[in-house]
Each structure stands twice: as structure tokens, then as C-alpha cells.
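Scroll down for the structure; my scribbles are underneath it.
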Amino acid sequence: MGRPRTPLLDRERITTTALELVDAQGEFSVPQIARRLGVQTGSVYHHVDGRDGIVELLRERVAEGIDVSALDLHPWDEALAAWARSYRAAFAAHPRAIPLLMTSPVRAPRVLEQYERAVGLLLDAGFPLPDVMPVLVALENVVLGSALDLAAPVAMWEITDESAAPRLAEALDAAGDGRADAAFELALAGFLAHARRRLEAYAEV
């Protein structure tokens with residue numbers, strides 16, 4: 001038999017299949033990927049550097065949805081806010097990937113490049129070097145926590161007897177459908193306000 005015109009296996013197909021599995025069940029295995037693609041498990045390993053390599057391919061695929069050009073905006077806080085909103089949207093599209101990616105070191109070159117640019121943005125703005133990573137990690141906590149919140153049930157609080165929690169029921173009604181977006185913008189605004197105050201304090205020293 002001649003070779004198929006389209007290869008049965010490549011890194012793109014492996015990544016797509018792994019992401020489909022993660023979106024469906026929050027996890028993947030190499031044998032599962034092989035079964036879906038109709039190949040032997042060993043064949044998958046010819047294209048990737050083991051399971052960790054697939055995780056990094058997933059990280060790159062999800063991160064493709066982040067608008068890195070946002071980091072070129074001015075001033076620094078507008079750039080960071082735009083990047084954060086894009087970052088949240090990219091991960092909100094694949095919320096089940098978050099626990100998987102957050103428990104594995106970042107090695108993907110294209111993702112490291114984003115962090116390099118974000119670090120440069122903060123250093124150029126005047127943040128001292130020891131504060132740069134705490135600021136970025138704090139922003140990630142806001143972004144990824146909110147991305148997970150977007151995947152939560154719309155009715156996260158189920159009140160069967162409103163008389164038992166009347167003020168909670170009123171607050172939920174008043175929040176409306178945009179609760180997750182409003183909560184993210186509130187957290188982002190608070191984070192940026194604190195970061196600005198820290199930067200102003202550095203300038204006064």
C-alpha cells in the first residue's frame with residue numbers, strides 16, 4: 001500500500017486530540033491519544049518528548065489565543081490589563097486544562113517569550129526586579145481563578161428556602177448574568193490599583 005497523502009500522525013494532530021480529551025475529561029493519556037488517532041502508542045512517542053512534551057504542546061496551543069501585542073500598549077497598566085483580559089479569554093475556552101498546566105513547569109519557548117515581554121514591561125515601568133515575579137504571579141492568580149469561575153455553574157448557590165438566606169438571595173438576584181465578568185473586572189482593578197501604589201512608593205524613595 002502507498003503512503004497516505006495526509007500523515008496519520010504529527011504534533012498538530014497529537015495536540016488537538018490531547019486537548020479534546022482534556023476538554024472532555026480534564027486529563028489525557030498517551031494510549032488514549034493513540035486509540036483516537038488509530039495508531040500504536042509507541043508511534044506517538046516518535047513525535048513528542050513523552051507526556052511532558054504533550055503538556056507543553058497543550059500550553060502552547062492554549063496560549064495561542066492570548067494577544068501578546070497587548071504588552072506593547074502604553075501606559076504599562078493598560079498593557080497589563082489588556083493582556084490579562086486576553087489571557088483570561090484564552091484559558092476560559094479550556095478551563096479543564098488549567099489544573100493540568102498549572103502543576104507542570106513552563107518550558108514552551110513561545111510561552112516563555114510572553115513572560116519575557118511581560119517582565120520587560122514591568123521593569124521598564126520602574127518595578128524593582130524582586131517585585132516583578134510576585135506582580136506577575138498575582139495577576140495570574142486573578143486571571144486563572146476567573147477563568148475557572150467562567151466554567152462554574154451559572155447557579156453556583158442553590159437556595160431552596162429563601163427565608164434561610166434572604167440577603168444572599170437578594171444579592172444573587174442583583175448580580176445578574178454578568179457576575180463572573182464583573183467579579184473579574186473588580187479584582188483586576190483592585191490588583192492594578194495596588195500595583196500603581198507600589199510603583200508610586202518606589203518612585204518616592
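Residues are named by chain letter and number: chains run A, B, ... in the order of the C-alpha cells, numbers start at 1 in each chain, and ligands are numbered from 1 in the order shown.
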Using only C-alpha atoms, determine which residues lie at most 12 Å from Arg179 in chain A, disregarding the query and same-chain residues fewer than 3 positions distant; provide the list as a PyMOL selection string. chain A and resi 146+149-150+152-156+171-176+182-186
Tell me, as a list in words, which residues lie within 10 Å of Ala93 in chain A, counting only C-alpha atoms; anything in the same chain fewer than 2 positions away does not count.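 Here the answer would be Asp23, Val62, Gly65, Arg88, Ala89, Ala90, Phe91, Pro95, Arg96, Ala97, Ala147, Leu148, Leu150 and Ala151 of chain A.
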Give me a file of those residues, with N, CA, C and O atoms, as a tab-separated table (two decimals), in the first residue's frame.
```tsv
chain	number	residue	atom	x	y	z
A	23	ASP	N	-10.44	18.74	27.42
A	23	ASP	CA	-11.69	19.49	27.48
A	23	ASP	C	-12.85	18.61	27.94
A	23	ASP	O	-13.76	19.07	28.64
A	62	VAL	N	-3.04	26.50	23.86
A	62	VAL	CA	-3.96	27.37	24.59
A	62	VAL	C	-3.45	28.81	24.56
A	62	VAL	O	-4.21	29.76	24.36
A	65	GLY	N	-4.13	31.70	21.92
A	65	GLY	CA	-5.29	32.59	21.99
A	65	GLY	C	-5.03	33.89	22.73
A	65	GLY	O	-5.90	34.76	22.79
A	88	ARG	N	-7.22	35.63	30.10
A	88	ARG	CA	-8.40	35.00	30.71
A	88	ARG	C	-9.29	34.35	29.65
A	88	ARG	O	-9.75	33.22	29.82
A	89	ALA	N	-9.51	35.05	28.55
A	89	ALA	CA	-10.37	34.51	27.49
A	89	ALA	C	-9.78	33.22	26.91
A	89	ALA	O	-10.51	32.26	26.63
A	90	ALA	N	-8.46	33.20	26.71
A	90	ALA	CA	-7.81	32.02	26.14
A	90	ALA	C	-7.97	30.81	27.04
A	90	ALA	O	-8.28	29.70	26.57
A	91	PHE	N	-7.78	31.00	28.34
A	91	PHE	CA	-7.89	29.87	29.26
A	91	PHE	C	-9.33	29.54	29.61
A	91	PHE	O	-9.64	28.38	29.93
A	95	PRO	N	-11.04	25.55	30.34
A	95	PRO	CA	-10.83	25.64	31.79
A	95	PRO	C	-10.30	24.36	32.41
A	95	PRO	O	-9.57	24.41	33.41
A	96	ARG	N	-10.63	23.21	31.82
A	96	ARG	CA	-10.14	21.96	32.40
A	96	ARG	C	-8.65	21.75	32.18
A	96	ARG	O	-8.04	20.88	32.82
A	97	ALA	N	-8.07	22.54	31.32
A	97	ALA	CA	-6.62	22.45	31.11
A	97	ALA	C	-5.84	23.19	32.20
A	97	ALA	O	-4.64	22.93	32.38
A	147	ALA	N	-10.93	32.55	35.12
A	147	ALA	CA	-11.20	31.63	34.01
A	147	ALA	C	-11.92	30.39	34.51
A	147	ALA	O	-12.84	29.88	33.86
A	148	LEU	N	-11.53	29.90	35.68
A	148	LEU	CA	-12.23	28.75	36.28
A	148	LEU	C	-13.65	29.14	36.67
A	148	LEU	O	-14.58	28.35	36.55
A	150	LEU	N	-15.58	31.19	35.19
A	150	LEU	CA	-16.41	31.20	33.99
A	150	LEU	C	-16.95	29.82	33.65
A	150	LEU	O	-17.99	29.68	33.00
A	151	ALA	N	-16.22	28.78	34.08
A	151	ALA	CA	-16.65	27.41	33.80
A	151	ALA	C	-17.57	26.86	34.89
A	151	ALA	O	-18.10	25.75	34.76
```
If you run DSSP on this backbone, which residues of chain A come out as helix (DSSP H, G or I), and could you give them as a ChimeraX atom specification? /A:11-25,30-37,41-45,50-63,68-72,76-92,97-102,109-125,129-150,162-164,166-175,179-204
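When only C-alpha atoms are used to measure the gap to Ala108 in chain A, the shortest distance among A:Glu60, A:Glu27, A:Asp161, A:Glu200 belongs to A:Glu60.
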In terms of only C-alpha atoms, the residue from A:Ala92, A:Ser29, A:Gln114, A:Leu122 at minimal distance from His74 in chain A is A:Leu122
Considering only C-alpha atoms, return as a VMD selection string whatever protein or nucleic-acid residues lie within 10 Å of Asp131 in chain A, sequence-local ones (same chain, fewer than 6 positions apart) excluded. chain A and resid 122 to 123 195 198 to 199
Let me see the file: selected residues, N, CA and C atoms, as a PDB file, in the first residue's frame.
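Once everything was written out, this is again.pdb:
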```pdb
ATOM      1  N   LEU A 122       7.236  45.410  32.980  1.00  0.00           N
ATOM      2  CA  LEU A 122       7.241  45.853  34.380  1.00  0.00           C
ATOM      3  C   LEU A 122       8.560  46.516  34.757  1.00  0.00           C
ATOM      4  N   LEU A 123       9.663  45.979  34.275  1.00  0.00           N
ATOM      5  CA  LEU A 123      10.963  46.603  34.558  1.00  0.00           C
ATOM      6  C   LEU A 123      11.044  47.989  33.938  1.00  0.00           C
ATOM      7  N   ALA A 195      -0.870  47.763  42.483  1.00  0.00           N
ATOM      8  CA  ALA A 195       0.412  47.794  41.777  1.00  0.00           C
ATOM      9  C   ALA A 195       0.841  49.233  41.500  1.00  0.00           C
ATOM     10  N   ARG A 198       2.242  50.756  44.708  1.00  0.00           N
ATOM     11  CA  ARG A 198       3.594  50.253  44.984  1.00  0.00           C
ATOM     12  C   ARG A 198       4.623  50.953  44.098  1.00  0.00           C
ATOM     13  N   LEU A 199       4.266  51.129  42.835  1.00  0.00           N
ATOM     14  CA  LEU A 199       5.187  51.789  41.905  1.00  0.00           C
ATOM     15  C   LEU A 199       5.419  53.240  42.319  1.00  0.00           C
TER      16      LEU A 199
END
```
Exercise: Val132 in chain A partners within 10 Å, only C-alpha atoms, chain neighbours under 2 positions left out, as an NGL selection string: :A and (118-123 or 126-130 or 134-137)
Could the residues in this selection be saved with N, CA and C atoms as a CSV table (one decimal), in the first residue's frame?
```
chain,number,residue,atom,x,y,z
A,118,ALA,N,6.5,40.4,29.3
A,118,ALA,CA,5.8,40.9,30.5
A,118,ALA,C,6.7,41.4,31.5
A,119,VAL,N,7.8,40.7,31.8
A,119,VAL,CA,8.8,41.1,32.7
A,119,VAL,C,9.5,42.4,32.2
A,120,GLY,N,9.8,42.5,30.9
A,120,GLY,CA,10.3,43.7,30.4
A,120,GLY,C,9.4,44.9,30.6
A,121,LEU,N,8.1,44.7,30.4
A,121,LEU,CA,7.1,45.7,30.6
A,121,LEU,C,7.2,46.3,32.0
A,122,LEU,N,7.2,45.4,33.0
A,122,LEU,CA,7.2,45.9,34.4
A,122,LEU,C,8.6,46.5,34.8
A,123,LEU,N,9.7,46.0,34.3
A,123,LEU,CA,11.0,46.6,34.6
A,123,LEU,C,11.0,48.0,33.9
A,126,GLY,N,9.3,50.6,35.9
A,126,GLY,CA,10.0,51.0,37.1
A,126,GLY,C,9.9,50.1,38.3
A,127,PHE,N,9.3,48.9,38.1
A,127,PHE,CA,9.2,48.0,39.2
A,127,PHE,C,10.6,47.4,39.5
A,128,PRO,N,11.0,47.3,40.8
A,128,PRO,CA,12.2,46.7,41.1
A,128,PRO,C,12.2,45.2,40.8
A,129,LEU,N,13.4,44.7,40.4
A,129,LEU,CA,13.4,43.3,40.0
A,129,LEU,C,12.8,42.3,41.0
A,130,PRO,N,13.0,42.4,42.3
A,130,PRO,CA,12.4,41.4,43.2
A,130,PRO,C,10.9,41.4,43.2
A,134,PRO,N,6.4,38.4,41.7
A,134,PRO,CA,5.2,38.4,42.6
A,134,PRO,C,4.1,39.2,41.9
A,135,VAL,N,4.4,40.3,41.2
A,135,VAL,CA,3.3,41.0,40.5
A,135,VAL,C,2.7,40.1,39.4
A,136,LEU,N,3.5,39.5,38.6
A,136,LEU,CA,3.0,38.6,37.5
A,136,LEU,C,2.2,37.4,38.0
A,137,VAL,N,2.7,36.8,39.1
A,137,VAL,CA,2.0,35.6,39.7
A,137,VAL,C,0.7,36.1,40.3
```
At what distance in Å, to one decimal, does CA of Pro109 in chain A lie from CA of Ala24 in chain A?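 Distance reported for this atom pair: 26.7 Å.
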Might you pull out every residue within 12 Å of Asp10 in chain A, with only C-alpha atoms counted and same-chain residues fewer than 6 positions away left off, and present them as a PyMOL selection string? chain A and resi 16-17+33-34+37+39+43-48+54+57
Between A:Val30, A:Thr160, A:Thr103, A:Arg117, smallest distance to Asp49 in chain A by only C-alpha atoms belongs to A:Val30
Spatial neighbours of Leu192 in chain A, 10 Å, only C-alpha atoms, chain gap at least 5 places, as a PyMOL selection string: chain A and resi 77-78+80-81+135+139+187+197-198
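For Arg107 in chain A, the list of residues within 10 Å, based on only C-alpha atoms and with local chain neighbours fewer than 5 positions off taken out, reads A:Asp52, A:Gly53, A:Val55, A:Glu56, A:Leu57, A:Arg59, A:Glu60, A:Leu112.
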Selection file, all heavy atoms, as a PDB file, in the first residue's frame:
```
ATOM      1  N   ASP A  52       5.254  14.868  29.198  1.00  0.00           N
ATOM      2  CA  ASP A  52       5.582  16.265  29.487  1.00  0.00           C
ATOM      3  C   ASP A  52       5.641  17.088  28.208  1.00  0.00           C
ATOM      4  O   ASP A  52       5.256  18.265  28.197  1.00  0.00           O
ATOM      5  CB  ASP A  52       6.918  16.359  30.220  1.00  0.00           C
ATOM      6  CG  ASP A  52       6.834  15.866  31.657  1.00  0.00           C
ATOM      7  OD1 ASP A  52       5.700  15.708  32.165  1.00  0.00           O
ATOM      8  OD2 ASP A  52       7.895  15.630  32.263  1.00  0.00           O
ATOM      9  N   GLY A  53       6.124  16.472  27.142  1.00  0.00           N
ATOM     10  CA  GLY A  53       6.168  17.177  25.864  1.00  0.00           C
ATOM     11  C   GLY A  53       4.779  17.506  25.353  1.00  0.00           C
ATOM     12  O   GLY A  53       4.559  18.584  24.784  1.00  0.00           O
ATOM     13  N   VAL A  55       2.140  17.991  27.268  1.00  0.00           N
ATOM     14  CA  VAL A  55       1.635  19.067  28.131  1.00  0.00           C
ATOM     15  C   VAL A  55       2.122  20.419  27.624  1.00  0.00           C
ATOM     16  O   VAL A  55       1.360  21.397  27.572  1.00  0.00           O
ATOM     17  CB  VAL A  55       2.065  18.847  29.593  1.00  0.00           C
ATOM     18  CG1 VAL A  55       1.762  20.080  30.441  1.00  0.00           C
ATOM     19  CG2 VAL A  55       1.365  17.625  30.175  1.00  0.00           C
ATOM     20  N   GLU A  56       3.382  20.500  27.217  1.00  0.00           N
ATOM     21  CA  GLU A  56       3.899  21.767  26.715  1.00  0.00           C
ATOM     22  C   GLU A  56       3.282  22.136  25.371  1.00  0.00           C
ATOM     23  O   GLU A  56       3.068  23.316  25.083  1.00  0.00           O
ATOM     24  CB  GLU A  56       5.416  21.715  26.619  1.00  0.00           C
ATOM     25  CG  GLU A  56       6.096  21.776  27.970  1.00  0.00           C
ATOM     26  CD  GLU A  56       5.574  22.914  28.836  1.00  0.00           C
ATOM     27  OE1 GLU A  56       5.851  24.092  28.524  1.00  0.00           O
ATOM     28  OE2 GLU A  56       4.859  22.641  29.822  1.00  0.00           O
ATOM     29  N   LEU A  57       2.980  21.133  24.552  1.00  0.00           N
ATOM     30  CA  LEU A  57       2.260  21.416  23.308  1.00  0.00           C
ATOM     31  C   LEU A  57       0.871  21.968  23.610  1.00  0.00           C
ATOM     32  O   LEU A  57       0.390  22.885  22.929  1.00  0.00           O
ATOM     33  CB  LEU A  57       2.152  20.153  22.457  1.00  0.00           C
ATOM     34  CG  LEU A  57       3.455  19.652  21.818  1.00  0.00           C
ATOM     35  CD1 LEU A  57       3.223  18.298  21.147  1.00  0.00           C
ATOM     36  CD2 LEU A  57       3.987  20.666  20.811  1.00  0.00           C
ATOM     37  N   ARG A  59       0.087  23.646  26.301  1.00  0.00           N
ATOM     38  CA  ARG A  59       0.290  25.008  26.808  1.00  0.00           C
ATOM     39  C   ARG A  59       0.447  25.984  25.658  1.00  0.00           C
ATOM     40  O   ARG A  59      -0.139  27.077  25.658  1.00  0.00           O
ATOM     41  CB  ARG A  59       1.526  25.035  27.711  1.00  0.00           C
ATOM     42  CG  ARG A  59       1.638  26.314  28.555  1.00  0.00           C
ATOM     43  CD  ARG A  59       2.972  26.384  29.277  1.00  0.00           C
ATOM     44  NE  ARG A  59       3.271  25.219  30.064  1.00  0.00           N
ATOM     45  CZ  ARG A  59       2.790  24.987  31.284  1.00  0.00           C
ATOM     46  NH1 ARG A  59       1.965  25.863  31.830  1.00  0.00           N
ATOM     47  NH2 ARG A  59       3.147  23.906  31.960  1.00  0.00           N
ATOM     48  N   GLU A  60       1.237  25.595  24.665  1.00  0.00           N
ATOM     49  CA  GLU A  60       1.425  26.477  23.511  1.00  0.00           C
ATOM     50  C   GLU A  60       0.120  26.676  22.750  1.00  0.00           C
ATOM     51  O   GLU A  60      -0.184  27.785  22.303  1.00  0.00           O
ATOM     52  CB  GLU A  60       2.486  25.903  22.581  1.00  0.00           C
ATOM     53  CG  GLU A  60       3.906  26.051  23.086  1.00  0.00           C
ATOM     54  CD  GLU A  60       4.939  25.779  22.006  1.00  0.00           C
ATOM     55  OE1 GLU A  60       4.611  25.050  21.053  1.00  0.00           O
ATOM     56  OE2 GLU A  60       6.054  26.317  22.123  1.00  0.00           O
ATOM     57  N   LEU A 112       7.309  31.118  27.159  1.00  0.00           N
ATOM     58  CA  LEU A 112       8.362  31.828  27.896  1.00  0.00           C
ATOM     59  C   LEU A 112       8.607  33.206  27.294  1.00  0.00           C
ATOM     60  O   LEU A 112       8.898  34.166  28.015  1.00  0.00           O
ATOM     61  CB  LEU A 112       9.649  31.004  27.879  1.00  0.00           C
ATOM     62  CG  LEU A 112       9.632  29.716  28.716  1.00  0.00           C
ATOM     63  CD1 LEU A 112      10.896  28.907  28.461  1.00  0.00           C
ATOM     64  CD2 LEU A 112       9.480  30.025  30.199  1.00  0.00           C
TER      65      LEU A 112
END
```
Which residue of A:Ile98, A:Leu19, A:Val111, A:Ala125 approaches Glu64 in chain A most closely, using only C-alpha atoms: A:Val111
